[in-house]
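Structure file coords-v4.pdb with PDB, C-alpha atoms, pLDDT in the B column:
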ATOM      1  CA  MET B   1      14.729 -27.870 -29.150  1.00 55.00           C
ATOM      2  CA  SER B   2      18.233 -26.466 -29.435  1.00 61.00           C
ATOM      3  CA  SER B   3      19.243 -22.933 -30.214  1.00 76.00           C
ATOM      4  CA  ASP B   4      21.925 -21.741 -32.570  1.00 88.00           C
ATOM      5  CA  ALA B   5      22.459 -18.738 -30.299  1.00 89.00           C
ATOM      6  CA  PRO B   6      25.750 -18.773 -28.385  1.00 92.00           C
ATOM      7  CA  GLY B   7      25.428 -19.081 -24.608  1.00 91.00           C
ATOM      8  CA  PHE B   8      26.721 -15.566 -23.972  1.00 92.00           C
ATOM      9  CA  GLU B   9      23.808 -14.042 -25.882  1.00 94.00           C
ATOM     10  CA  LEU B  10      21.262 -14.717 -23.127  1.00 94.00           C
ATOM     11  CA  PRO B  11      22.905 -12.604 -20.398  1.00 91.00           C
ATOM     12  CA  LEU B  12      23.692  -9.869 -22.899  1.00 93.00           C
ATOM     13  CA  ARG B  13      20.078  -9.772 -24.147  1.00 95.00           C
ATOM     14  CA  LEU B  14      18.781  -9.669 -20.572  1.00 93.00           C
ATOM     15  CA  LEU B  15      21.196  -6.847 -19.756  1.00 91.00           C
ATOM     16  CA  LEU B  16      20.237  -4.992 -22.929  1.00 94.00           C
ATOM     17  CA  ALA B  17      16.526  -5.302 -22.082  1.00 96.00           C
ATOM     18  CA  PHE B  18      17.239  -3.980 -18.577  1.00 92.00           C
ATOM     19  CA  ARG B  19      19.291  -1.124 -20.000  1.00 93.00           C
ATOM     20  CA  MET B  20      16.564  -0.169 -22.481  1.00 96.00           C
ATOM     21  CA  LEU B  21      13.910  -0.105 -19.747  1.00 96.00           C
ATOM     22  CA  ILE B  22      16.099   1.973 -17.438  1.00 94.00           C
ATOM     23  CA  ASP B  23      17.073   4.407 -20.222  1.00 95.00           C
ATOM     24  CA  GLU B  24      13.417   4.854 -21.200  1.00 97.00           C
ATOM     25  CA  LEU B  25      12.456   5.320 -17.539  1.00 97.00           C
ATOM     26  CA  HIS B  26      15.052   8.050 -17.064  1.00 97.00           C
ATOM     27  CA  ALA B  27      14.150   9.844 -20.268  1.00 97.00           C
ATOM     28  CA  GLU B  28      10.529   9.971 -19.118  1.00 98.00           C
ATOM     29  CA  LEU B  29      11.477  11.001 -15.569  1.00 98.00           C
ATOM     30  CA  ALA B  30      13.474  13.883 -17.071  1.00 98.00           C
ATOM     31  CA  ARG B  31      10.413  14.962 -19.071  1.00 98.00           C
ATOM     32  CA  GLN B  32       8.329  14.799 -15.889  1.00 98.00           C
ATOM     33  CA  GLY B  33      10.617  17.076 -13.871  1.00 97.00           C
ATOM     34  CA  HIS B  34      13.377  14.771 -12.624  1.00 97.00           C
ATOM     35  CA  PRO B  35      16.316  15.431 -14.970  1.00 96.00           C
ATOM     36  CA  ASP B  36      19.021  14.851 -12.337  1.00 94.00           C
ATOM     37  CA  LEU B  37      18.214  11.228 -11.518  1.00 94.00           C
ATOM     38  CA  ARG B  38      20.670   8.570 -12.654  1.00 92.00           C
ATOM     39  CA  PRO B  39      20.172   4.790 -12.719  1.00 89.00           C
ATOM     40  CA  MET B  40      22.230   4.295  -9.542  1.00 88.00           C
ATOM     41  CA  HIS B  41      19.969   6.740  -7.717  1.00 92.00           C
ATOM     42  CA  GLY B  42      16.973   4.432  -8.085  1.00 89.00           C
ATOM     43  CA  PHE B  43      18.776   1.674  -6.167  1.00 86.00           C
ATOM     44  CA  VAL B  44      19.842   4.177  -3.524  1.00 91.00           C
ATOM     45  CA  MET B  45      16.389   5.701  -3.087  1.00 94.00           C
ATOM     46  CA  GLN B  46      14.793   2.244  -2.843  1.00 91.00           C
ATOM     47  CA  ALA B  47      17.355   1.317  -0.175  1.00 91.00           C
ATOM     48  CA  ILE B  48      16.716   4.531   1.771  1.00 94.00           C
ATOM     49  CA  GLY B  49      13.005   3.748   1.659  1.00 90.00           C
ATOM     50  CA  PRO B  50      10.240   5.568   3.496  1.00 87.00           C
ATOM     51  CA  ARG B  51      11.873   5.187   6.950  1.00 90.00           C
ATOM     52  CA  GLY B  52      15.329   6.437   6.024  1.00 94.00           C
ATOM     53  CA  THR B  53      18.741   4.940   6.751  1.00 94.00           C
ATOM     54  CA  THR B  54      22.302   5.805   7.710  1.00 94.00           C
ATOM     55  CA  ALA B  55      25.245   5.863   5.306  1.00 92.00           C
ATOM     56  CA  VAL B  56      26.647   2.721   6.982  1.00 92.00           C
ATOM     57  CA  GLU B  57      23.377   0.816   6.557  1.00 92.00           C
ATOM     58  CA  LEU B  58      22.991   2.126   3.017  1.00 92.00           C
ATOM     59  CA  GLY B  59      26.498   0.998   2.087  1.00 90.00           C
ATOM     60  CA  ARG B  60      25.761  -2.464   3.467  1.00 88.00           C
ATOM     61  CA  MET B  61      22.505  -2.757   1.505  1.00 87.00           C
ATOM     62  CA  LEU B  62      24.121  -1.553  -1.723  1.00 85.00           C
ATOM     63  CA  GLY B  63      27.326  -3.513  -1.312  1.00 85.00           C
ATOM     64  CA  VAL B  64      29.467  -0.364  -1.355  1.00 87.00           C
ATOM     65  CA  SER B  65      31.636   1.436   1.205  1.00 87.00           C
ATOM     66  CA  LYS B  66      30.227   3.886   3.752  1.00 90.00           C
ATOM     67  CA  GLN B  67      32.176   6.609   1.929  1.00 92.00           C
ATOM     68  CA  ALA B  68      30.614   5.740  -1.452  1.00 89.00           C
ATOM     69  CA  ALA B  69      27.158   5.670   0.133  1.00 91.00           C
ATOM     70  CA  GLY B  70      27.841   9.030   1.816  1.00 93.00           C
ATOM     71  CA  LYS B  71      28.927  10.618  -1.473  1.00 94.00           C
ATOM     72  CA  THR B  72      25.745   9.405  -3.161  1.00 93.00           C
ATOM     73  CA  ILE B  73      23.655  10.771  -0.295  1.00 95.00           C
ATOM     74  CA  ASP B  74      25.505  14.107  -0.725  1.00 96.00           C
ATOM     75  CA  THR B  75      24.623  14.131  -4.426  1.00 95.00           C
ATOM     76  CA  LEU B  76      20.965  13.296  -3.811  1.00 97.00           C
ATOM     77  CA  GLU B  77      20.766  15.901  -1.056  1.00 97.00           C
ATOM     78  CA  ARG B  78      22.265  18.554  -3.341  1.00 97.00           C
ATOM     79  CA  VAL B  79      19.571  17.959  -5.990  1.00 96.00           C
ATOM     80  CA  GLY B  80      16.734  17.775  -3.464  1.00 97.00           C
ATOM     81  CA  TYR B  81      15.846  14.068  -3.307  1.00 97.00           C
ATOM     82  CA  VAL B  82      17.221  13.358   0.163  1.00 97.00           C
ATOM     83  CA  GLU B  83      17.609  15.259   3.405  1.00 97.00           C
ATOM     84  CA  ARG B  84      19.716  14.425   6.433  1.00 95.00           C
ATOM     85  CA  THR B  85      18.180  14.463   9.871  1.00 93.00           C
ATOM     86  CA  THR B  86      19.350  13.497  13.337  1.00 92.00           C
ATOM     87  CA  ASP B  87      18.054  10.194  14.704  1.00 84.00           C
ATOM     88  CA  SER B  88      15.612  11.015  17.504  1.00 85.00           C
ATOM     89  CA  HIS B  89      16.818   7.952  19.474  1.00 85.00           C
ATOM     90  CA  ASP B  90      20.561   8.575  19.009  1.00 86.00           C
ATOM     91  CA  THR B  91      21.662  12.124  18.200  1.00 86.00           C
ATOM     92  CA  ARG B  92      25.058  10.838  16.973  1.00 86.00           C
ATOM     93  CA  ARG B  93      23.371   9.076  14.027  1.00 89.00           C
ATOM     94  CA  LYS B  94      22.506  10.969  10.855  1.00 92.00           C
ATOM     95  CA  ILE B  95      19.559   9.545   8.945  1.00 95.00           C
ATOM     96  CA  ALA B  96      19.107  10.094   5.207  1.00 96.00           C
ATOM     97  CA  ARG B  97      15.414  10.426   4.361  1.00 96.00           C
ATOM     98  CA  LEU B  98      13.624  10.917   1.085  1.00 97.00           C
ATOM     99  CA  THR B  99      12.111  14.352   0.585  1.00 97.00           C
ATOM    100  CA  PRO B 100       8.667  14.804  -0.981  1.00 97.00           C
ATOM    101  CA  TYR B 101      10.544  15.392  -4.276  1.00 97.00           C
ATOM    102  CA  GLY B 102      12.314  12.057  -3.796  1.00 97.00           C
ATOM    103  CA  MET B 103       9.039  10.275  -3.052  1.00 96.00           C
ATOM    104  CA  ASP B 104       7.521  11.893  -6.141  1.00 97.00           C
ATOM    105  CA  ALA B 105      10.355  10.463  -8.246  1.00 97.00           C
ATOM    106  CA  LEU B 106       9.787   6.958  -6.849  1.00 95.00           C
ATOM    107  CA  ASN B 107       6.027   7.177  -7.386  1.00 96.00           C
ATOM    108  CA  ARG B 108       6.497   8.405 -10.953  1.00 97.00           C
ATOM    109  CA  SER B 109       9.031   5.636 -11.567  1.00 97.00           C
ATOM    110  CA  ALA B 110       6.481   3.006 -10.538  1.00 95.00           C
ATOM    111  CA  ARG B 111       3.875   4.434 -12.928  1.00 98.00           C
ATOM    112  CA  ILE B 112       6.399   4.709 -15.764  1.00 98.00           C
ATOM    113  CA  PHE B 113       7.480   1.089 -15.247  1.00 97.00           C
ATOM    114  CA  ASP B 114       3.798   0.099 -15.501  1.00 98.00           C
ATOM    115  CA  ASP B 115       3.575   2.012 -18.786  1.00 98.00           C
ATOM    116  CA  LEU B 116       6.753   0.381 -20.101  1.00 98.00           C
ATOM    117  CA  ARG B 117       5.443  -3.048 -19.192  1.00 98.00           C
ATOM    118  CA  ALA B 118       2.196  -2.246 -21.021  1.00 98.00           C
ATOM    119  CA  ARG B 119       4.226  -1.311 -24.116  1.00 98.00           C
ATOM    120  CA  TRP B 120       6.063  -4.623 -23.961  1.00 98.00           C
ATOM    121  CA  ALA B 121       2.718  -6.417 -23.576  1.00 98.00           C
ATOM    122  CA  HIS B 122       1.427  -4.618 -26.654  1.00 98.00           C
ATOM    123  CA  GLU B 123       4.542  -5.533 -28.653  1.00 97.00           C
ATOM    124  CA  LEU B 124       4.958  -9.135 -27.481  1.00 97.00           C
ATOM    125  CA  GLY B 125       1.396  -9.935 -26.484  1.00 98.00           C
ATOM    126  CA  GLU B 126       0.202 -10.106 -22.869  1.00 98.00           C
ATOM    127  CA  GLU B 127       0.330 -13.902 -22.795  1.00 98.00           C
ATOM    128  CA  ARG B 128       3.923 -14.073 -24.031  1.00 98.00           C
ATOM    129  CA  LEU B 129       5.012 -11.375 -21.599  1.00 98.00           C
ATOM    130  CA  GLN B 130       3.336 -13.185 -18.699  1.00 98.00           C
ATOM    131  CA  ALA B 131       5.081 -16.405 -19.800  1.00 98.00           C
ATOM    132  CA  LEU B 132       8.429 -14.585 -19.937  1.00 97.00           C
ATOM    133  CA  GLU B 133       7.872 -13.166 -16.449  1.00 95.00           C
ATOM    134  CA  ALA B 134       6.852 -16.603 -15.141  1.00 95.00           C
ATOM    135  CA  ASP B 135       9.913 -18.221 -16.711  1.00 96.00           C
ATOM    136  CA  LEU B 136      12.228 -15.595 -15.233  1.00 93.00           C
ATOM    137  CA  ARG B 137      10.664 -16.223 -11.802  1.00 91.00           C
ATOM    138  CA  LYS B 138      11.490 -19.935 -12.216  1.00 93.00           C
ATOM    139  CA  VAL B 139      15.176 -19.322 -12.884  1.00 91.00           C
ATOM    140  CA  THR B 140      15.794 -16.461 -10.437  1.00 87.00           C
ATOM    141  CA  PRO B 141      15.760 -16.637  -6.635  1.00 84.00           C
ATOM    142  CA  ASP B 142      12.885 -15.339  -4.571  1.00 82.00           C
ATOM    143  CA  GLY B 143      13.545 -11.982  -3.008  1.00 70.00           C
ATOM    144  CA  LEU B 144      12.902  -9.443  -5.711  1.00 57.00           C
ATOM    145  CA  TRP B 145      14.710  -6.613  -3.946  1.00 63.00           C
ATOM    146  CA  ARG B 146      18.430  -7.238  -4.346  1.00 63.00           C
ATOM    147  CA  LEU B 147      19.757  -3.723  -4.028  1.00 67.00           C
ATOM    148  CA  ASP B 148      23.431  -4.665  -3.999  1.00 71.00           C
ATOM    149  CA  THR B 149      23.733  -4.477  -7.800  1.00 69.00           C
ATOM    150  CA  PRO B 150      25.801  -1.248  -7.672  1.00 64.00           C
ATOM    151  CA  GLY B 151      28.375  -2.918  -5.420  1.00 65.00           C
ATOM    152  CA  TRP B 152      28.293  -6.082  -7.526  1.00 68.00           C
ATOM    153  CA  PHE B 153      29.002  -4.121 -10.706  1.00 66.00           C
ATOM    154  CA  GLY B 154      31.798  -2.285  -8.905  1.00 62.00           C
ATOM    155  CA  SER B 155      33.413  -5.575  -7.868  1.00 52.00           C
ATOM    156  CA  LEU B 156      33.778  -6.835 -11.424  1.00 42.00           C
TER
END
Take the structure in the file and write it out as structure tokens.
Amino acid sequence: MSSDAPGFELPLRLLLAFRMLIDELHAELARQGHPDLRPMHGFVMQAIGPRGTTAVELGRMLGVSKQAAGKTIDTLERVGYVERTTDSHDTRRKIARLTPYGMDALNRSARIFDDLRARWAHELGEERLQALEADLRKVTPDGLWRLDTPGWFGSL
């Protein structure tokens, strides 16, 4: 079966679907008390994770410079999602850690994504959505957590 759709439509539709999900997530996060979060912050907070990380490590994970990672940490610290602490094993190292407010944002994000997926299942049908997810798993590499998207977008 051939499609009349031009080849460029597929990546644009996938990007549009991603954008819609992220925009809906952030609108709901704002309603639930997290109005300062931006899409980039989700990648950063996932990369910081529950154990914390340094600006150098964060930059490496995100595919951005140490300076760009440090500026983002500054922003997240200013709005209460991240705090800086001294590494107990090496007092020269500063570790960025998520605050309880930051963890709350991540936990709410997970629940909101579940709700958004349920809406898609209602609209498309659970079977079709499961088939779409299965097909996307076939054509994408294993390793769900590629956090270097911000750096990749910046390199375009």
**OP:** Starting from the shown file, work through the PyMOL selection byres ((chain B and resi 81-89) around 12) and note down what comes out as a ChimeraX atom specification.
**Re:** /B:34-38,41-42,44-46,48-55,70,72-80,90-106
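Non-sequential neighbours of stretch 56-61 of chain B (distance at most 9 Å, separation of 2 or more positions within a chain, all atoms listed in the file) are Val44, Ala47, Ile48, Thr53, Thr54, Gly63, Val64, Ser65, Lys66, Gln67, Ala68, Ala69, Gly70, Arg146, Leu147, Asp148 and Gly151 of chain B.
Atom CA of B:Leu25 is positioned 6.9 Å from atom CA of B:Phe113.
Going from atom CA of B:Ala30 over to atom CA of B:Ile112, you cover 11.7 Å.
Coordinates place atom CA of B:Glu28 at a distance of 28.3 Å from atom CA of B:Asp135.
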Subject >> Nearby residues (all atoms listed in the file) at most 9 Å from stretch 116-118 of chain B, same-chain spacing under 3 positions excluded, as number ranges by chain >> reply: B: 21, 24-25, 111-113, 121-123, 126, 129
Could I get stretch 16-58 of chain B from the block written out with N, CA and C atoms, as a tab-separated table (two decimals), in the first residue's frame?
chain	number	residue	atom	x	y	z
B	16	LEU	N	4.83	17.31	15.57
B	16	LEU	CA	3.61	18.01	15.98
B	16	LEU	C	2.91	17.27	17.12
B	17	ALA	N	2.86	15.93	17.03
B	17	ALA	CA	2.25	15.15	18.11
B	17	ALA	C	3.03	15.35	19.41
B	18	PHE	N	4.36	15.31	19.32
B	18	PHE	CA	5.20	15.55	20.49
B	18	PHE	C	4.92	16.94	21.07
B	19	ARG	N	4.90	17.93	20.19
B	19	ARG	CA	4.66	19.30	20.63
B	19	ARG	C	3.31	19.46	21.32
B	20	MET	N	2.28	18.83	20.75
B	20	MET	CA	0.95	18.92	21.36
B	20	MET	C	0.95	18.30	22.76
B	21	LEU	N	1.57	17.13	22.90
B	21	LEU	CA	1.62	16.47	24.21
B	21	LEU	C	2.38	17.34	25.22
B	22	ILE	N	3.50	17.89	24.80
B	22	ILE	CA	4.30	18.71	25.71
B	22	ILE	C	3.57	20.00	26.08
B	23	ASP	N	2.91	20.64	25.10
B	23	ASP	CA	2.15	21.85	25.40
B	23	ASP	C	1.00	21.56	26.36
B	24	GLU	N	0.31	20.45	26.15
B	24	GLU	CA	-0.79	20.08	27.06
B	24	GLU	C	-0.26	19.74	28.44
B	25	LEU	N	0.88	19.05	28.51
B	25	LEU	CA	1.51	18.75	29.79
B	25	LEU	C	1.79	20.04	30.55
B	26	HIS	N	2.41	21.01	29.87
B	26	HIS	CA	2.82	22.23	30.57
B	26	HIS	C	1.64	23.11	30.96
B	27	ALA	N	0.60	23.08	30.17
B	27	ALA	CA	-0.61	23.82	30.56
B	27	ALA	C	-1.19	23.22	31.84
B	28	GLU	N	-1.21	21.89	31.90
B	28	GLU	CA	-1.76	21.24	33.10
B	28	GLU	C	-0.83	21.42	34.30
B	29	LEU	N	0.47	21.33	34.08
B	29	LEU	CA	1.42	21.58	35.19
B	29	LEU	C	1.23	22.99	35.74
B	30	ALA	N	1.01	23.97	34.88
B	30	ALA	CA	0.78	25.34	35.33
B	30	ALA	C	-0.48	25.40	36.19
B	31	ARG	N	-1.53	24.71	35.76
B	31	ARG	CA	-2.77	24.69	36.57
B	31	ARG	C	-2.55	24.02	37.92
B	32	GLN	N	-1.61	23.08	37.97
B	32	GLN	CA	-1.36	22.33	39.21
B	32	GLN	C	-0.24	22.92	40.05
B	33	GLY	N	0.14	24.18	39.77
B	33	GLY	CA	1.10	24.85	40.64
B	33	GLY	C	2.53	24.90	40.15
B	34	HIS	N	2.76	24.60	38.88
B	34	HIS	CA	4.11	24.65	38.32
B	34	HIS	C	4.15	25.51	37.06
B	35	PRO	N	3.85	26.81	37.21
B	35	PRO	CA	3.76	27.68	36.03
B	35	PRO	C	5.11	28.05	35.42
B	36	ASP	N	6.21	27.83	36.14
B	36	ASP	CA	7.52	28.28	35.64
B	36	ASP	C	8.27	27.23	34.83
B	37	LEU	N	7.74	26.01	34.77
B	37	LEU	CA	8.43	24.96	34.03
B	37	LEU	C	8.30	25.16	32.53
B	38	ARG	N	9.38	24.90	31.83
B	38	ARG	CA	9.43	24.98	30.37
B	38	ARG	C	9.81	23.61	29.83
B	39	PRO	N	9.52	23.33	28.57
B	39	PRO	CA	9.83	22.00	28.03
B	39	PRO	C	11.28	21.56	28.26
B	40	MET	N	12.23	22.44	28.08
B	40	MET	CA	13.64	22.08	28.31
B	40	MET	C	13.87	21.62	29.74
B	41	HIS	N	13.14	22.17	30.69
B	41	HIS	CA	13.34	21.84	32.09
B	41	HIS	C	13.06	20.37	32.38
B	42	GLY	N	12.11	19.78	31.66
B	42	GLY	CA	11.81	18.37	31.86
B	42	GLY	C	13.01	17.49	31.55
B	43	PHE	N	13.70	17.79	30.43
B	43	PHE	CA	14.91	17.04	30.08
B	43	PHE	C	15.96	17.22	31.17
B	44	VAL	N	16.12	18.45	31.62
B	44	VAL	CA	17.14	18.75	32.63
B	44	VAL	C	16.83	18.04	33.94
B	45	MET	N	15.59	18.10	34.38
B	45	MET	CA	15.23	17.48	35.66
B	45	MET	C	15.34	15.95	35.58
B	46	GLN	N	15.01	15.36	34.43
B	46	GLN	CA	15.21	13.93	34.26
B	46	GLN	C	16.69	13.59	34.34
B	47	ALA	N	17.53	14.42	33.71
B	47	ALA	CA	18.97	14.17	33.73
B	47	ALA	C	19.56	14.34	35.12
B	48	ILE	N	19.06	15.31	35.88
B	48	ILE	CA	19.54	15.49	37.26
B	48	ILE	C	19.17	14.26	38.08
B	49	GLY	N	17.95	13.80	37.91
B	49	GLY	CA	17.51	12.56	38.57
B	49	GLY	C	17.51	12.64	40.07
B	50	PRO	N	17.18	11.54	40.73
B	50	PRO	CA	17.06	11.54	42.19
B	50	PRO	C	18.40	11.65	42.92
B	51	ARG	N	19.52	11.31	42.25
B	51	ARG	CA	20.82	11.35	42.91
B	51	ARG	C	21.55	12.67	42.72
B	52	GLY	N	21.13	13.47	41.76
B	52	GLY	CA	21.79	14.73	41.50
B	52	GLY	C	22.95	14.57	40.54
B	53	THR	N	23.49	15.69	40.09
B	53	THR	CA	24.60	15.68	39.12
B	53	THR	C	25.30	17.02	39.13
B	54	THR	N	26.47	17.06	38.53
B	54	THR	CA	27.21	18.32	38.39
B	54	THR	C	26.83	18.97	37.07
B	55	ALA	N	27.20	20.23	36.91
B	55	ALA	CA	26.93	20.95	35.66
B	55	ALA	C	27.69	20.30	34.50
B	56	VAL	N	28.91	19.82	34.75
B	56	VAL	CA	29.69	19.15	33.69
B	56	VAL	C	28.98	17.88	33.23
B	57	GLU	N	28.57	17.05	34.19
B	57	GLU	CA	27.87	15.81	33.85
B	57	GLU	C	26.54	16.10	33.17
B	58	LEU	N	25.84	17.11	33.66
B	58	LEU	CA	24.56	17.49	33.07
B	58	LEU	C	24.74	17.94	31.62
